[in-house]
>>> print(open('work36.cif').read())   # mmCIF, C-alpha atoms
data_data
loop_
_atom_site.label_atom_id
_atom_site.label_comp_id
_atom_site.auth_asym_id
_atom_site.auth_seq_id
_atom_site.Cartn_x
_atom_site.Cartn_y
_atom_site.Cartn_z
CA MET D 1 0.00 0.00 0.00
CA VAL D 2 2.85 2.31 0.81
CA CYS D 3 4.49 1.63 -2.52
CA GLN D 4 1.26 2.28 -4.36
CA ILE D 5 0.74 5.58 -2.60
CA THR D 6 4.32 6.70 -3.16
CA ASN D 7 3.96 6.08 -6.86
CA MET D 8 0.73 8.20 -7.06
CA ASP D 9 0.67 11.83 -7.93
CA ALA D 10 -0.35 14.33 -5.22
CA ASN D 11 -3.96 14.79 -6.44
CA SER D 12 -4.66 11.07 -6.57
CA CYS D 13 -3.20 10.61 -3.12
CA ASN D 14 -5.39 13.34 -1.64
CA GLN D 15 -8.48 11.89 -3.29
CA LEU D 16 -7.73 8.43 -1.88
CA LEU D 17 -7.27 9.83 1.60
CA SER D 18 -10.50 11.84 1.34
CA ASN D 19 -12.52 8.78 0.26
CA THR D 20 -10.99 6.68 3.02
CA LEU D 21 -11.88 9.24 5.70
CA LYS D 22 -15.39 9.57 4.30
CA ARG D 23 -15.91 5.80 4.59
CA LEU D 24 -14.59 5.84 8.15
CA ASN D 25 -16.99 8.67 9.10
CA MET D 26 -19.95 7.38 7.09
CA LYS D 27 -23.34 7.97 8.74
CA PRO D 28 -25.99 5.24 8.79
CA GLN D 29 -28.84 5.44 6.33
CA LEU D 30 -32.06 7.18 7.34
CA PRO D 31 -34.57 4.66 8.82
CA GLU D 32 -37.79 3.69 7.07
CA GLU D 33 -40.84 5.91 7.61
CA ASP D 34 -42.33 4.12 10.64
CA LEU D 35 -39.01 3.90 12.47
CA LEU D 36 -38.12 7.46 11.48
CA LEU D 37 -41.41 8.83 12.84
CA ARG D 38 -40.97 6.91 16.09
CA GLU D 39 -37.42 8.17 16.57
CA MET D 40 -38.43 11.76 15.75
CA THR D 41 -41.35 11.73 18.19
CA ASP D 42 -39.04 10.31 20.88
CA CYS D 43 -37.19 13.64 20.66
CA LEU D 44 -40.31 15.55 21.74
CA PRO D 45 -40.97 16.65 25.35
CA ALA D 46 -43.89 15.02 27.16
CA LEU D 47 -46.07 18.17 27.11
CA TYR D 48 -46.18 21.72 25.74
CA PHE D 49 -47.78 24.67 27.53
CA PRO D 50 -48.25 27.50 24.99
CA GLU D 51 -48.95 31.07 26.12
CA ASN D 52 -52.46 30.95 24.63
CA GLY D 53 -54.69 28.78 22.48
CA ASP D 54 -54.27 30.82 19.31
CA ASP D 55 -54.30 28.50 16.27
CA ASP D 56 -51.49 30.36 14.52
CA LEU D 57 -49.26 30.16 17.61
CA ILE D 58 -49.89 26.42 18.01
CA HIS D 59 -49.24 25.79 14.31
CA ALA D 60 -45.99 27.78 14.51
CA LEU D 61 -44.95 25.69 17.53
CA ALA D 62 -45.52 22.45 15.61
CA ARG D 63 -43.55 23.72 12.61
CA LYS D 64 -40.67 24.87 14.81
CA GLU D 65 -40.47 21.46 16.49
CA PHE D 66 -40.51 19.71 13.11
CA PHE D 67 -37.55 21.70 11.83
CA ARG D 68 -35.70 21.28 15.14
CA VAL D 69 -36.00 17.49 15.18
CA GLN D 70 -35.38 17.29 11.43
CA GLY D 71 -32.03 18.99 12.07
CA LEU D 72 -31.17 16.38 14.73
CA MET D 73 -31.91 13.55 12.31
CA ARG D 74 -29.71 15.09 9.64
CA LEU D 75 -26.82 15.22 12.09
CA LYS D 76 -27.26 11.55 12.91
CA TYR D 77 -28.15 10.00 9.54
CA ASP D 78 -27.13 10.22 5.92
CA THR D 79 -30.28 11.56 4.24
CA GLU D 80 -28.72 11.50 0.76
CA GLU D 81 -30.09 14.99 0.20
CA GLU D 82 -28.42 17.26 -2.29
CA PRO D 83 -28.49 21.07 -2.33
CA GLY D 84 -31.50 22.31 -4.28
CA ASP D 85 -33.58 19.13 -3.88
CA SER D 86 -37.31 19.94 -3.94
CA ASP D 87 -38.26 16.69 -2.21
CA SER D 88 -37.15 15.66 1.26
CA PRO D 89 -37.23 12.20 2.87
CA PHE D 90 -38.91 13.90 5.85
CA ASP D 91 -41.96 14.93 3.79
CA ALA D 92 -43.58 11.52 4.31
CA VAL D 93 -43.66 11.87 8.13
CA GLU D 94 -44.22 15.63 8.41
CA ASP D 95 -48.02 15.58 8.95
CA GLU D 96 -47.98 12.71 11.45
CA PHE D 97 -45.12 14.34 13.34
CA GLU D 98 -47.04 17.61 13.71
CA GLN D 99 -50.11 15.68 14.92
CA ALA D 100 -47.88 14.17 17.61
CA VAL D 101 -46.92 17.70 18.69
CA TYR D 102 -50.60 18.76 18.80
CA ALA D 103 -51.41 15.75 21.00
CA ARG D 104 -48.90 16.96 23.58
CA ILE D 105 -50.25 20.51 23.82
CA ARG D 106 -52.04 21.50 27.04
CA ILE D 107 -53.76 24.86 27.58
CA ASP D 108 -53.00 25.89 31.16
CA PRO D 109 -55.21 28.80 32.34
CA HIS D 110 -52.53 29.82 34.84
CA VAL D 111 -50.02 30.32 32.04
CA ILE D 112 -52.55 32.35 30.06
CA GLN D 113 -53.34 34.46 33.13
CA VAL D 114 -49.65 35.18 33.78
CA VAL D 115 -49.06 36.12 30.12
CA THR D 116 -52.14 38.38 30.16
CA THR D 117 -50.91 40.06 33.35
CA ARG D 118 -47.46 40.55 31.80
CA GLN D 119 -48.93 42.16 28.69
CA ASP D 120 -51.22 44.41 30.75
CA MET D 121 -48.39 45.58 33.03
CA ILE D 122 -46.10 46.35 30.07
CA ARG D 123 -48.92 48.31 28.42
CA LYS D 124 -49.52 50.39 31.57
CA ILE D 125 -45.81 51.07 32.05
CA ARG D 126 -45.35 52.08 28.41
CA GLU D 127 -48.31 54.48 28.52
CA ALA D 128 -46.89 56.12 31.66
CA VAL D 129 -43.44 56.51 30.06
CA GLU D 130 -44.90 57.94 26.84
CA LYS D 131 -46.63 60.68 28.85
CA GLN D 132 -43.29 61.76 30.39
CA ASN D 133 -41.33 62.54 27.22
CA ASN D 134 -40.53 58.80 26.87
CA ILE D 135 -38.35 58.82 30.02
CA ILE D 136 -39.09 58.21 33.71
CA GLY D 137 -36.30 58.09 36.25
CA THR D 138 -37.16 55.81 39.17
CA PHE D 139 -34.02 56.10 41.30
CA TYR D 140 -33.47 59.82 40.71
CA GLN D 141 -36.32 62.30 40.39
CA ASN D 142 -37.75 62.20 36.88
CA ARG D 143 -36.37 65.05 34.75
CA GLY D 144 -37.50 63.97 31.29
CA VAL D 145 -33.86 63.38 30.34
CA HIS D 146 -31.65 60.33 30.63
CA PHE D 147 -30.12 59.43 33.98
CA ARG D 148 -26.46 60.39 34.41
CA HIS D 149 -24.33 59.80 37.51
CA GLU D 150 -22.53 63.10 37.13
CA ASN D 151 -25.83 65.00 37.10
CA GLU D 152 -27.82 63.37 39.87
CA SER D 153 -30.85 65.12 41.28
CA GLU D 154 -32.71 64.31 44.48
CA GLU D 155 -33.47 60.63 44.90
CA TYR D 156 -36.89 59.08 45.39
CA ASP D 157 -37.30 57.36 48.74
CA THR D 158 -37.73 53.97 47.08
CA SER D 159 -36.94 52.40 43.73
CA PRO D 160 -38.18 49.05 42.40
CA ILE D 161 -35.85 46.08 42.61
CA VAL D 162 -36.72 43.50 39.98
CA VAL D 163 -35.61 40.08 38.80
CA ILE D 164 -34.74 39.78 35.14
CA HIS D 165 -34.23 36.67 33.05
CA ASN D 166 -31.89 36.79 30.10
CA PRO D 167 -30.86 33.38 28.68
CA GLY D 168 -27.57 34.98 27.62
CA TYR D 169 -26.46 35.37 31.25
CA GLN D 170 -24.21 32.49 32.33
CA SER D 171 -24.66 32.81 36.09
CA TYR D 172 -27.66 31.97 38.28
CA GLY D 173 -29.48 30.28 35.40
CA GLY D 174 -29.85 33.58 33.59
CA TYR D 175 -31.61 35.30 36.52
CA GLU D 176 -30.40 38.48 38.21
CA ALA D 177 -31.83 41.02 40.66
CA ASN D 178 -31.22 44.69 39.88
CA THR D 179 -32.42 48.16 40.85
CA VAL D 180 -34.49 50.01 38.25
CA TYR D 181 -32.87 53.41 37.64
CA GLU D 182 -34.82 54.48 34.59
CA LEU D 183 -37.58 53.50 32.15
CA PHE D 184 -37.34 54.86 28.62
CA ILE D 185 -38.40 54.28 25.02
CA ASP D 186 -35.50 54.27 22.57
CA SER D 187 -35.31 55.44 18.95
CA GLU D 188 -36.56 52.03 17.77
CA ASP D 189 -39.68 52.33 19.97
CA LYS D 190 -38.46 49.67 22.40
CA LEU D 191 -39.30 50.03 26.09
CA LEU D 192 -36.07 49.57 28.06
CA CYS D 193 -34.97 49.72 31.70
CA THR D 194 -31.71 51.16 32.92
CA LEU D 195 -30.75 48.73 35.67
CA ASN D 196 -28.06 48.90 38.33
CA GLY D 197 -26.54 45.52 39.20
CA GLU D 198 -24.90 44.14 42.33
CA ALA D 199 -21.45 45.22 41.16
CA GLY D 200 -22.61 48.80 40.58
CA GLU D 201 -22.72 48.58 36.79
CA ASP D 202 -25.49 50.23 34.75
CA PHE D 203 -27.01 48.56 31.70
CA ASP D 204 -30.17 48.72 29.59
CA GLU D 205 -32.48 45.71 29.46
CA PRO D 206 -35.68 45.12 27.42
CA ILE D 207 -38.82 45.30 29.55
CA GLU D 208 -39.76 41.79 28.37
CA HIS D 209 -36.86 40.31 30.37
CA ILE D 210 -38.35 41.45 33.67
CA GLN D 211 -40.32 38.83 35.57
CA VAL D 212 -44.05 39.40 36.10
CA GLU D 213 -43.64 40.20 39.81
CA GLY D 214 -41.13 42.90 38.88
CA LEU D 215 -43.46 44.40 36.30
CA ILE D 216 -46.21 44.60 38.93
CA GLU D 217 -43.73 46.21 41.34
CA ILE D 218 -42.82 48.86 38.74
CA ALA D 219 -46.49 49.54 37.98
CA HIS D 220 -47.22 49.96 41.70
CA TRP D 221 -44.26 52.33 42.05
CA LEU D 222 -45.54 54.40 39.14
CA GLU D 223 -48.97 54.58 40.81
CA GLU D 224 -47.41 55.63 44.14
CA GLN D 225 -45.50 58.44 42.42
CA GLY D 226 -48.53 59.60 40.40
CA PHE D 227 -47.32 58.51 36.95
CA ILE D 228 -50.25 56.06 36.67
CA GLU D 229 -53.74 56.84 37.89
CA SER D 230 -54.79 54.52 40.69
CA ASP D 231 -56.85 51.61 39.43
CA THR D 232 -58.33 50.52 42.76
CA PRO D 233 -60.93 47.77 42.15
CA GLU D 234 -63.34 49.20 44.74
CA GLN D 235 -63.60 52.84 43.74
CA LYS D 236 -66.64 53.37 45.96
CA TYR D 237 -64.70 52.33 49.04
CA ALA D 238 -61.81 54.65 48.13
CA ALA D 239 -64.23 57.55 47.68
CA TRP D 240 -65.89 56.76 51.00
CA GLN D 241 -62.54 56.83 52.78
CA ARG D 242 -61.71 60.15 51.14
CA GLY D 243 -64.97 61.58 52.51
CA GLU D 244 -66.91 62.42 49.35
CA THR D 245 -69.38 65.20 50.18
CA GLU D 246 -72.39 63.60 48.47
CA MET D 247 -73.10 59.89 48.49
CA HIS D 248 -76.27 58.90 46.64
CA ILE D 249 -77.87 55.67 47.83
CA ALA D 250 -80.06 54.38 45.00
CA SER D 251 -82.64 51.81 46.15
CA ILE D 252 -85.07 49.63 44.22
CA GLU D 253 -87.78 47.92 46.24
CA ILE D 254 -89.88 45.21 44.56
CA TYR D 255 -93.48 44.59 45.66
CA SER D 256 -96.08 42.01 44.69
CA ARG D 257 -98.96 43.65 42.78
CA THR D 258 -101.53 41.26 44.35
CA THR D 259 -100.46 41.26 48.02
CA GLY D 260 -98.33 44.38 48.23
CA ASP D 261 -95.63 42.42 50.07
CA SER D 262 -92.00 43.28 49.50
CA SER D 263 -90.17 40.39 47.83
CA SER D 264 -86.64 41.71 47.31
CA GLY D 265 -84.68 44.83 46.55
CA SER D 266 -81.42 46.33 45.38
CA ASP D 267 -79.15 49.10 46.67
CA ASP D 268 -76.09 50.77 45.24
CA ILE D 269 -73.96 53.86 45.90
CA PHE D 270 -73.04 56.68 43.53
CA TYR D 271 -71.31 60.01 43.83
CA ASP D 272 -73.45 62.01 41.45
CA ARG D 273 -77.18 62.21 40.68
CA LYS D 274 -76.77 61.33 37.00
CA SER D 275 -75.09 57.98 37.72
CA ALA D 276 -77.76 57.09 40.29
CA LEU D 277 -80.56 57.76 37.77
CA GLU D 278 -78.74 55.78 35.07
CA TYR D 279 -78.66 52.85 37.49
CA PHE D 280 -82.44 52.69 37.37
CA VAL D 281 -82.52 52.84 33.59
CA HIS D 282 -80.05 49.96 33.20
CA TYR D 283 -81.79 47.92 35.88
CA PHE D 284 -84.98 47.57 33.87
CA ASP D 285 -83.58 45.71 30.89
CA ASP D 286 -85.09 42.72 29.11
CA ASP D 287 -84.14 40.35 31.92
CA LYS D 288 -86.59 42.12 34.25
CA ILE D 289 -89.65 41.82 31.99
CA SER D 290 -90.91 38.72 33.78
CA GLU D 291 -90.69 40.49 37.14
CA ILE D 292 -92.42 43.62 35.84
CA LYS D 293 -95.53 41.67 34.86
CA ASP D 294 -96.40 40.66 38.41
CA SER D 295 -94.62 43.34 40.44
CA TYR D 296 -94.25 47.04 40.90
CA PHE D 297 -91.09 48.87 41.86
CA VAL D 298 -90.34 51.86 44.06
CA CYS D 299 -87.14 53.60 43.01
CA SER D 300 -85.67 56.14 45.42
CA ILE D 301 -82.47 58.08 45.97
CA ARG D 302 -81.25 59.37 49.34
CA ARG D 303 -78.16 61.37 50.26
CA PHE D 304 -75.80 60.13 52.94
CA VAL D 305 -72.69 61.94 54.25
CA PRO D 306 -70.64 59.68 56.58
CA SER D 307 -68.73 61.34 59.37
CA PHE D 308 -64.99 60.95 59.72
CA GLU D 309 -65.51 58.39 62.47
CA GLU D 310 -67.95 56.42 60.34
CA ARG D 311 -65.55 56.35 57.43
CA GLN D 312 -62.78 54.99 59.67
CA SER D 313 -65.01 52.55 61.55
CA TYR D 314 -66.47 50.78 58.51
CA PRO D 315 -63.58 49.65 56.28
CA THR D 316 -65.71 47.87 53.67
CA ILE D 317 -68.36 49.36 51.45
CA GLU D 318 -70.81 46.61 52.39
CA SER D 319 -70.65 47.85 55.97
CA LEU D 320 -72.20 51.12 54.88
CA PHE D 321 -75.54 49.35 54.67
CA ASP D 322 -75.24 48.37 58.30
CA LEU D 323 -75.76 52.04 59.12
CA SER D 324 -79.43 52.78 59.63
CA ASP D 325 -79.11 56.58 59.67
CA TRP D 326 -79.51 57.05 55.94
CA LEU D 327 -82.80 55.10 55.99
CA SER D 328 -84.34 57.89 58.10
CA PHE D 329 -83.48 60.53 55.52
CA GLU D 330 -86.30 61.49 53.24
CA PRO D 331 -85.52 60.53 49.64
CA TYR D 332 -85.08 63.46 47.26
CA TYR D 333 -86.16 61.29 44.35
CA VAL D 334 -88.96 58.67 44.27
CA GLN D 335 -90.46 56.95 41.23
CA THR D 336 -92.98 54.09 41.20
CA ILE D 337 -92.94 51.83 38.16
CA ASN D 338 -95.64 49.47 36.83
CA LYS D 339 -98.31 50.12 39.45
#
>>> encode(input="work36.cif", output="structure tokens")
Amino acid sequence: MVCQITNMDANSCNQLLSNTLKRLNMKPQLPEEDLLLREMTDCLPALYFPENGDDDLIHALARKEFFRVQGLMRLKYDTEEEPGDSDSPFDAVEDEFEQAVYARIRIDPHVIQVVTTRQDMIRKIREAVEKQNNIIGTFYQNRGVHFRHENESEEYDTSPIVVIHNPGYQSYGGYEANTVYELFIDSEDKLLCTLNGEAGEDFDEPIEHIQVEGLIEIAHWLEEQGFIESDTPEQKYAAWQRGETEMHIASIEIYSRTTGDSSSGSDDIFYDRKSALEYFVHYFDDDKISEIKDSYFVCSIRRFVPSFEERQSYPTIESLFDLSDWLSFEPYYVQTINK
């Protein structure tokens, strides 16, 4: 063999070596369809939990998994594919493979709720930043210009500390806790945070990398500082605690037309006359037609002004109806319907 090689020219020798190495590194042939499909589906995780049940998102997930596993098979097997081929040996198993992905998909309402919360928080934060010349400083008093160490103004008392997740970070699984110095929208319309890390370095991070709890913390901070209007679920309770000067108690009493006995009723609280009257209008919708036939209604509105002590003593709005004082007040509006 040595003599034969020494008598060859350089090109022939290189070709022989190349063919020999290729045979030594030769990949096995791609399995038949049934075995190929089984091996490809073995590469899939047990379950998928997409962010929502959107058909396009689920279809994109299935396609992404097909191309991912197809790449793994090409690394392992000789597919005999040539550049520019219009047909692929994977075409025969493509549909069944995607059906296997669909069968593993689970719609988790908790995931959907978290994603919805994330999107809502980012929307609220962005709207607040847009209203402040696209910049809000959280560590130093907002000036409408970018934060600079050499030009520091008075600090806020508190600044949000958030956890971010960036897969590019090598430590702590890609998670880090940092102080939010600034929120701003850049020239490409991206919402970014200037963060200050444990080592004192400053860097900008996309808002999407912040965990949901951190987004909520930022939104709460913006509410505390007045950049976002408070979105308290029980507005009536908040108004009661503030001591609104006029509270309008709108009552609807239902009576039997034959006996005159009271069967049920409804009460609600408003802070202007117009809203109290609109309450009556919306109450008598199509769902109340059956009741109207055999009943008559007495609609009334009374004013009630709780004292400071009453506002502090009754911390829930339901407790207002435990007070009997407003019942003794003569109503300033009474209307009888269907009598």
>>> closest_residue(input="work36.cif", among="D:Leu192, D:Ala177, D:Val212, D:Val334", to="D:Ser251", atoms="all atoms listed in the file")
D:Val334
>>> closest_residue(input="work36.cif", among="D:Thr179, D:Arg303, D:Tyr333, D:Phe184", to="D:Gly200", atoms="all atoms listed in the file")
D:Thr179
>>> residues_around(input="work36.cif", residues="stretch 103-117 of chain D", least_positions_apart="2", cutoff="7 Å", atoms="all atoms listed in the file", output="list in words")
Ala46, Leu47, Tyr48, Phe49, Pro50, Glu51, Asn52, Gly53, Gln99, Ala100, Val101, Gln119, Asp120 and Met121 of chain D
>>> write_last_selection(input="work36.cif", atoms="C-alpha atoms", output="CSV table (one decimal), keeping the file's coordinate frame")
chain,number,residue,atom,x,y,z
D,46,ALA,CA,-43.9,15.0,27.2
D,47,LEU,CA,-46.1,18.2,27.1
D,48,TYR,CA,-46.2,21.7,25.7
D,49,PHE,CA,-47.8,24.7,27.5
D,50,PRO,CA,-48.2,27.5,25.0
D,51,GLU,CA,-49.0,31.1,26.1
D,52,ASN,CA,-52.5,31.0,24.6
D,53,GLY,CA,-54.7,28.8,22.5
D,99,GLN,CA,-50.1,15.7,14.9
D,100,ALA,CA,-47.9,14.2,17.6
D,101,VAL,CA,-46.9,17.7,18.7
D,119,GLN,CA,-48.9,42.2,28.7
D,120,ASP,CA,-51.2,44.4,30.8
D,121,MET,CA,-48.4,45.6,33.0
>>> atom_distance(input="work36.cif", atom1="atom CA of D:Pro206", atom2="atom CA of D:His165")
10.3 Å
>>> closest_residue(input="work36.cif", among="D:Asn142, D:Ile122, D:Ile135, D:Glu205", to="D:Tyr156", atoms="only C-alpha atoms")
D:Asn142
>>> closest_residue(input="work36.cif", among="D:Gly226, D:Ser275, D:Leu36, D:Glu82", to="D:Lys131", atoms="all atoms listed in the file")
D:Gly226
>>> atom_distance(input="work36.cif", atom1="atom CA of D:Phe203", atom2="atom CA of D:Glu224")
24.9 Å
>>> atom_distance(input="work36.cif", atom1="atom CA of D:Leu44", atom2="atom CA of D:Gly168")
24.0 Å
>>> resolve_selection(input="work36.cif", expression="the PyMOL selection byres ((chain D and resi 34) around 12)", output="PyMOL selection string")
chain D and resi 30-33+35-41+90+92-94+96-97
>>> closest_residue(input="work36.cif", among="D:Arg143, D:Lys64, D:His248, D:Arg257", to="D:Leu277", atoms="only C-alpha atoms")
D:His248
>>> closest_residue(input="work36.cif", among="D:Leu75, D:Val162, D:Val69, D:Ala250", to="D:Val281", atoms="all atoms listed in the file")
D:Ala250
>>> resolve_selection(input="work36.cif", expression="the PyMOL selection byres ((chain D and resi 265) around 9)", output="PyMOL selection string")
chain D and resi 251-255+262-264+266-267+297
>>> residues_around(input="work36.cif", residues="D:Trp221", least_positions_apart="4", cutoff="8 Å", atoms="all atoms listed in the file", output="number ranges by chain")
D: 159-160, 217, 225
>>> resolve_selection(input="work36.cif", expression="the PyMOL selection byres ((chain D and resi 276) around 10)", output="list in words")
Met247, His248, Ile249, Ala250, Ser251, Asp268, Ile269, Phe270, Tyr271, Asp272, Arg273, Lys274, Ser275, Leu277, Glu278, Tyr279, Phe280, Val281, Ser300, Ile301 and Arg302 of chain D
>>> write_last_selection(input="work36.cif", atoms="C-alpha atoms", output="PDB file, in the coordinates of the input")
ATOM      1  CA  MET D 247     -73.100  59.890  48.490  1.00  0.00           C
ATOM      2  CA  HIS D 248     -76.270  58.900  46.640  1.00  0.00           C
ATOM      3  CA  ILE D 249     -77.870  55.670  47.830  1.00  0.00           C
ATOM      4  CA  ALA D 250     -80.060  54.380  45.000  1.00  0.00           C
ATOM      5  CA  SER D 251     -82.640  51.810  46.150  1.00  0.00           C
ATOM      6  CA  ASP D 268     -76.090  50.770  45.240  1.00  0.00           C
ATOM      7  CA  ILE D 269     -73.960  53.860  45.900  1.00  0.00           C
ATOM      8  CA  PHE D 270     -73.040  56.680  43.530  1.00  0.00           C
ATOM      9  CA  TYR D 271     -71.310  60.010  43.830  1.00  0.00           C
ATOM     10  CA  ASP D 272     -73.450  62.010  41.450  1.00  0.00           C
ATOM     11  CA  ARG D 273     -77.180  62.210  40.680  1.00  0.00           C
ATOM     12  CA  LYS D 274     -76.770  61.330  37.000  1.00  0.00           C
ATOM     13  CA  SER D 275     -75.090  57.980  37.720  1.00  0.00           C
ATOM     14  CA  LEU D 277     -80.560  57.760  37.770  1.00  0.00           C
ATOM     15  CA  GLU D 278     -78.740  55.780  35.070  1.00  0.00           C
ATOM     16  CA  TYR D 279     -78.660  52.850  37.490  1.00  0.00           C
ATOM     17  CA  PHE D 280     -82.440  52.690  37.370  1.00  0.00           C
ATOM     18  CA  VAL D 281     -82.520  52.840  33.590  1.00  0.00           C
ATOM     19  CA  SER D 300     -85.670  56.140  45.420  1.00  0.00           C
ATOM     20  CA  ILE D 301     -82.470  58.080  45.970  1.00  0.00           C
ATOM     21  CA  ARG D 302     -81.250  59.370  49.340  1.00  0.00           C
TER      22      ARG D 302
END
>>> axis_aligned_box(input="work36.cif", around="stretch 294-304 of chain D", padding_each_side="3 Å", output="lines of an AutoDock Vina configuration file")
center_x = -86.1
center_y = 51.0
center_z = 45.7
size_x = 26.6
size_y = 26.7
size_z = 20.5
>>> residues_near_point(input="work36.cif", point="(-26.9, 50.7, 30.0)", cutoff="12 Å", atoms="all atoms listed in the file", output="VMD selection string")
chain D and resid 146 to 148 180 to 184 186 192 to 197 200 to 206
>>> residues_around(input="work36.cif", residues="D:Glu81", least_positions_apart="5", cutoff="12 Å", atoms="all atoms listed in the file", output="ChimeraX atom specification")
/D:29-30,74,86-90
>>> decode(input="work36.cif", residues="stretch 29-90 of chain D", atoms="C-alpha atoms", output="PDB file, in the first residue's frame")
ATOM      1  CA  GLN D  29     -28.837   5.437   6.333  1.00  0.00           C
ATOM      2  CA  LEU D  30     -32.063   7.184   7.343  1.00  0.00           C
ATOM      3  CA  PRO D  31     -34.574   4.662   8.816  1.00  0.00           C
ATOM      4  CA  GLU D  32     -37.790   3.694   7.075  1.00  0.00           C
ATOM      5  CA  GLU D  33     -40.841   5.912   7.609  1.00  0.00           C
ATOM      6  CA  ASP D  34     -42.326   4.122  10.636  1.00  0.00           C
ATOM      7  CA  LEU D  35     -39.012   3.899  12.472  1.00  0.00           C
ATOM      8  CA  LEU D  36     -38.116   7.459  11.482  1.00  0.00           C
ATOM      9  CA  LEU D  37     -41.408   8.825  12.837  1.00  0.00           C
ATOM     10  CA  ARG D  38     -40.969   6.910  16.095  1.00  0.00           C
ATOM     11  CA  GLU D  39     -37.422   8.171  16.566  1.00  0.00           C
ATOM     12  CA  MET D  40     -38.432  11.756  15.753  1.00  0.00           C
ATOM     13  CA  THR D  41     -41.353  11.727  18.194  1.00  0.00           C
ATOM     14  CA  ASP D  42     -39.038  10.313  20.879  1.00  0.00           C
ATOM     15  CA  CYS D  43     -37.192  13.637  20.659  1.00  0.00           C
ATOM     16  CA  LEU D  44     -40.307  15.550  21.745  1.00  0.00           C
ATOM     17  CA  PRO D  45     -40.975  16.648  25.345  1.00  0.00           C
ATOM     18  CA  ALA D  46     -43.887  15.024  27.160  1.00  0.00           C
ATOM     19  CA  LEU D  47     -46.073  18.167  27.107  1.00  0.00           C
ATOM     20  CA  TYR D  48     -46.177  21.717  25.743  1.00  0.00           C
ATOM     21  CA  PHE D  49     -47.777  24.674  27.533  1.00  0.00           C
ATOM     22  CA  PRO D  50     -48.255  27.503  24.990  1.00  0.00           C
ATOM     23  CA  GLU D  51     -48.951  31.066  26.117  1.00  0.00           C
ATOM     24  CA  ASN D  52     -52.456  30.951  24.626  1.00  0.00           C
ATOM     25  CA  GLY D  53     -54.694  28.781  22.483  1.00  0.00           C
ATOM     26  CA  ASP D  54     -54.273  30.821  19.308  1.00  0.00           C
ATOM     27  CA  ASP D  55     -54.303  28.497  16.270  1.00  0.00           C
ATOM     28  CA  ASP D  56     -51.487  30.364  14.524  1.00  0.00           C
ATOM     29  CA  LEU D  57     -49.256  30.162  17.613  1.00  0.00           C
ATOM     30  CA  ILE D  58     -49.887  26.419  18.007  1.00  0.00           C
ATOM     31  CA  HIS D  59     -49.236  25.787  14.309  1.00  0.00           C
ATOM     32  CA  ALA D  60     -45.988  27.784  14.508  1.00  0.00           C
ATOM     33  CA  LEU D  61     -44.945  25.689  17.530  1.00  0.00           C
ATOM     34  CA  ALA D  62     -45.524  22.448  15.611  1.00  0.00           C
ATOM     35  CA  ARG D  63     -43.547  23.717  12.615  1.00  0.00           C
ATOM     36  CA  LYS D  64     -40.671  24.874  14.815  1.00  0.00           C
ATOM     37  CA  GLU D  65     -40.466  21.461  16.486  1.00  0.00           C
ATOM     38  CA  PHE D  66     -40.512  19.705  13.112  1.00  0.00           C
ATOM     39  CA  PHE D  67     -37.551  21.697  11.833  1.00  0.00           C
ATOM     40  CA  ARG D  68     -35.702  21.282  15.144  1.00  0.00           C
ATOM     41  CA  VAL D  69     -36.001  17.487  15.179  1.00  0.00           C
ATOM     42  CA  GLN D  70     -35.380  17.289  11.434  1.00  0.00           C
ATOM     43  CA  GLY D  71     -32.028  18.986  12.073  1.00  0.00           C
ATOM     44  CA  LEU D  72     -31.174  16.385  14.727  1.00  0.00           C
ATOM     45  CA  MET D  73     -31.909  13.547  12.306  1.00  0.00           C
ATOM     46  CA  ARG D  74     -29.714  15.093   9.641  1.00  0.00           C
ATOM     47  CA  LEU D  75     -26.825  15.216  12.088  1.00  0.00           C
ATOM     48  CA  LYS D  76     -27.264  11.551  12.911  1.00  0.00           C
ATOM     49  CA  TYR D  77     -28.155  10.005   9.544  1.00  0.00           C
ATOM     50  CA  ASP D  78     -27.126  10.223   5.916  1.00  0.00           C
ATOM     51  CA  THR D  79     -30.276  11.564   4.239  1.00  0.00           C
ATOM     52  CA  GLU D  80     -28.718  11.501   0.756  1.00  0.00           C
ATOM     53  CA  GLU D  81     -30.090  14.988   0.202  1.00  0.00           C
ATOM     54  CA  GLU D  82     -28.415  17.258  -2.290  1.00  0.00           C
ATOM     55  CA  PRO D  83     -28.486  21.073  -2.331  1.00  0.00           C
ATOM     56  CA  GLY D  84     -31.497  22.311  -4.283  1.00  0.00           C
ATOM     57  CA  ASP D  85     -33.580  19.131  -3.877  1.00  0.00           C
ATOM     58  CA  SER D  86     -37.309  19.940  -3.943  1.00  0.00           C
ATOM     59  CA  ASP D  87     -38.263  16.688  -2.207  1.00  0.00           C
ATOM     60  CA  SER D  88     -37.147  15.658   1.259  1.00  0.00           C
ATOM     61  CA  PRO D  89     -37.235  12.202   2.872  1.00  0.00           C
ATOM     62  CA  PHE D  90     -38.911  13.897   5.851  1.00  0.00           C
TER      63      PHE D  90
END
